[in-house]
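Here's the structure we're looking at; comments come further down.
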Amino acid sequence: MSSAESFQTILLLLMIAVMLDTVARRLRLPSASVLVLAGIVLALVPGLPEVEFDPDFVMVLFLPPLLLSGAYFTVWPDFRANLRIILQLAVGAVVLTTLLVGVVTHFFFPALPWAACFALGAIVSPPDAVAARAVLDHLSVPPRIAVLLEGESLINDASGLVLFRFAVAAALTGAFSAGAAAGSFVYVSAVGIGIGLALGWICAFVAGRLTDARLTVVWTFLSAWAAYLLADRLHVSGVLSTVACGLVLGRLQHKALSAASRVQALAVWSVVTFVMEALVFVLVGLALRGVLHRFGSDWGIVRTLAPAAATIFAVLVLARFAWIFPTAYIPRALIPSLRERDPYPPLAVPLVMSWAGMRGVVSLAAALSLPEQFPGRDIILFVTFCVVAATIVVLGLTLGPVAKMLAGKEFLLHGEETLSEEAIRAEIARAQFDSISAHSLGSEGKHAHPRLVEQYGHRLAVAEDHVLAKGPHGERRLQHYRAVLIAVEAGRSKLLELFNAGRIHDSVMHRLEGELDQEELFAARVVEVMEGG
């Protein structure tokens with residue numbers, strides 16, 4: 001396939017992804033599951049061009065920005081407060097799954113070396129950050145569960161890839177050392193995190209000194225690839241380096257970036273991550289054609305391997321149950337202080353977390369990166385594809401009904417008390433009122449900007465009243481922003497009327513329209529949040 005044909009194919013896949021994502025949202029289905037299914041269907045259509053991708057290129061192109069995006073929007077205090085559970089999932093669950101899958105694989109394929117069986121276990125053991133976020137975006141789950149699942153998926157690739165590297169080396173050389181593997185895991189993790197933290201501070205420092213919002217957005221993308229590629233070049237964890245860099249950037253963005261940079265970065269990143277995620281999930285489905293091609297489209301071999309793939313998929317699901325349920329209750333039962341600080345979760349919580357084990361493109365890319373001479377490579381590739389597709393489709397489509405069991409259940413972290421949103425608004429209103437009053441007051445005791453003082457004084461009064469009596473003032477605030485939306489729409493209509501009559505220059509039109517857009521976005525967001533309760 002020529003470069004022009006490849007580009008046309010990518011455009012076609014994006015068009016399909018846009019249409020399918022729209023359908024998925026209207027049907028309230030996870031778009032990731034729908035896109036993978038579409039890719040599988042396209043892979044089975046005869047006559048369509050075969051789409052092949054280099055696994056190393058896919059990892060470098062897609063993984064760093066998607067990892068940094070997930071880490072950037074991670075709430076650091078919540079991540080830190082839940083780090084104990086996240087590490088249990090990211091390390092313990094991955095090791096257990098690797099061992100169980102290795103044993104089951106050797107049962108079905110006794111001719112395969114044990115190291116090759118454990119290599120398959122390491123490939124499919126870590127849940128995927130992209131798949132987890134794509135599915136969770138469409139679900140209503142307690143914030144703490146989202147923090148745990150996204151935090152786990154952000155860092156578990158490191159443990160899975162370390163195990164994979166040692167299993168591959170053992171299969172090819174026949175040598176393996178558990179002590180060396182453990183030491184290597186500590187080394188690549190610690191150095192990778194250190195590189196990411198350092199680059200995060202450096203990138204935030206540079207971003208804060210860029211005066212053009214467009215350059216700042218480009219710099220954030222370069223930060224993602226810099227963190228990943230530098231760590232990878234030093235043979236440490238590029239995944240953890242990128243995640244650490246994203247956490248630092250997300251933490252420092254409020255001081256480092258200007259308002260314009262934040263707004264523009266959010267818009268650009270949301271579009272780019274949608275495009276990348278859509279392509280990733282379609283490519284996962286399309287990988288079926290390459291898998292079948294390796295078997296010469298021999299459906300007899302496929303039917304022979306299907307029971308093993310189905311069993312390994314079941315083992316993946318059961319392994320999460322076997323790890324999550326005991327670790328959710330046994331530590332709390334043995335440690336009273338932990339139980340007092342973090343009480344037993346409802347049974348629905350570990351059930352949902354156990355069910356949310358979607359695998360993704362990292363597993364598929366790892367399988368494709370196996371050397372051609374690796375024992376059982378075709379079997380591993382087929383099983384990996386089946387597992388990835390099944391977890392995204394089956395678990396993704398059924399996670400919503402399972403998550404409904406959490407309705408009304410609380411799973412909170414009992415830590416430091418934080419101010420309510422109403423109290424914060426009152427504090428901000430007080431600071432704004434004090435600042436504008438001092439700035440406006442002249443030497444003669446008169447205000448140079450009395451209307452601004454009156455306006456911010458009114459905001460302060462409403463905010464303080466809202467802290468004391470939430471109900472009626474909340475409704476008044478809601479009605480206020482609904483009225484703002486009506487006024488914005490009237491202003492926009494008048495602006496368009498004047499523009500169409502040729503009475504406004506294009507530059508003025510764009511500037512005033514941008515101001516109305518910002519005002520509408522803010523008011524619409526407030527209304528959406530308040531109506532959503």
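Residue numbering restarts at 1 in every chain; chains get A, B, ... in the order shown in the structure tokens, and ligands count up from 1 in that same order.
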
inquiry  = What's around Ala158 in chain A at 7 Å? Count only C-alpha atoms, leave out sequence neighbours fewer than 5 positions away in its own chain, and write the answer as a list of chain:residue names.
reply    =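 What passes the distance filter is A:Ser237, A:Val239, A:Leu240.
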
Print the selection's residues with N, CA and C atoms to a file, as a PDB file, in the first residue's frame.
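Output file out-v3.pdb is given in full below:
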```pdb
ATOM      1  N   SER A 237      11.577   2.712  32.411  1.00  0.00           N
ATOM      2  CA  SER A 237      10.152   2.711  32.082  1.00  0.00           C
ATOM      3  C   SER A 237       9.702   4.031  31.458  1.00  0.00           C
ATOM      4  N   VAL A 239       6.746   4.385  30.310  1.00  0.00           N
ATOM      5  CA  VAL A 239       5.360   4.550  30.779  1.00  0.00           C
ATOM      6  C   VAL A 239       5.337   5.364  32.065  1.00  0.00           C
ATOM      7  N   LEU A 240       6.122   4.953  33.062  1.00  0.00           N
ATOM      8  CA  LEU A 240       6.118   5.660  34.340  1.00  0.00           C
ATOM      9  C   LEU A 240       6.717   7.052  34.195  1.00  0.00           C
TER      10      LEU A 240
END
```

Choose the residue, out of A:Leu279, A:Ala190, A:Ala390, A:Leu154, that has the smallest atom-to-atom separation from Leu87 in chain A; count only C-alpha atoms.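 Smallest separation from Leu87 in chain A among the options: A:Leu154.
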
Write out as a Markdown table the residues of range 101-124 of chain A that have any atom within 12 Å of an atom of range 345-359 of chain A, one row each with the nearest atom pair and its distance in Å to one decimal, counting only C-alpha atoms, sorted by chain and then rising number.
```
| residue | atom | partner | partner_atom | distance |
| --- | --- | --- | --- | --- |
| A:Ala122 | CA | A:Arg359 | CA | 11.9 |
| A:Ile123 | CA | A:Arg359 | CA | 9.6 |
| A:Val124 | CA | A:Arg359 | CA | 6.9 |
```

Atom pair CA of Leu172 in chain A + CA of Val94 in chain A, distance 22.5 Å

Counting only C-alpha atoms, the residue among A:Phe411, A:Leu99, A:Thr105, A:Leu68 that lies closest to Arg144 in chain A is A:Phe411

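Using only C-alpha atoms, the smallest distance between any of A:Ala180, A:Ala171, A:Val388, A:Ala146 and Arg133 in chain A comes from A:Ala146.
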
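If only C-alpha atoms are the atoms counted, then among A:Ala116, A:Ala231, A:Ala265, A:Ala483 the closest residue to Gln373 in chain A is A:Ala116.
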
Expressed in Å, the length from CA of Ala207 in chain A to CA of Ser241 in chain A is 18.5 Å

The residue from A:Thr74, A:Leu11, A:Ala93, A:Ala115 with the smallest atom-to-atom distance to Pro375 in chain A, counting only C-alpha atoms, is A:Ala115

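Reported to one decimal place, the separation of CA of Phe382 in chain A from CA of Ala309 in chain A is 8.0 Å.
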
So, counting only C-alpha atoms, which residue among A:Leu512, A:Ala461, A:Ala448, A:Val362 is closest to Val60 in chain A?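 Once distances to Val60 in chain A are computed over only C-alpha atoms, the minimum belongs to A:Val362.
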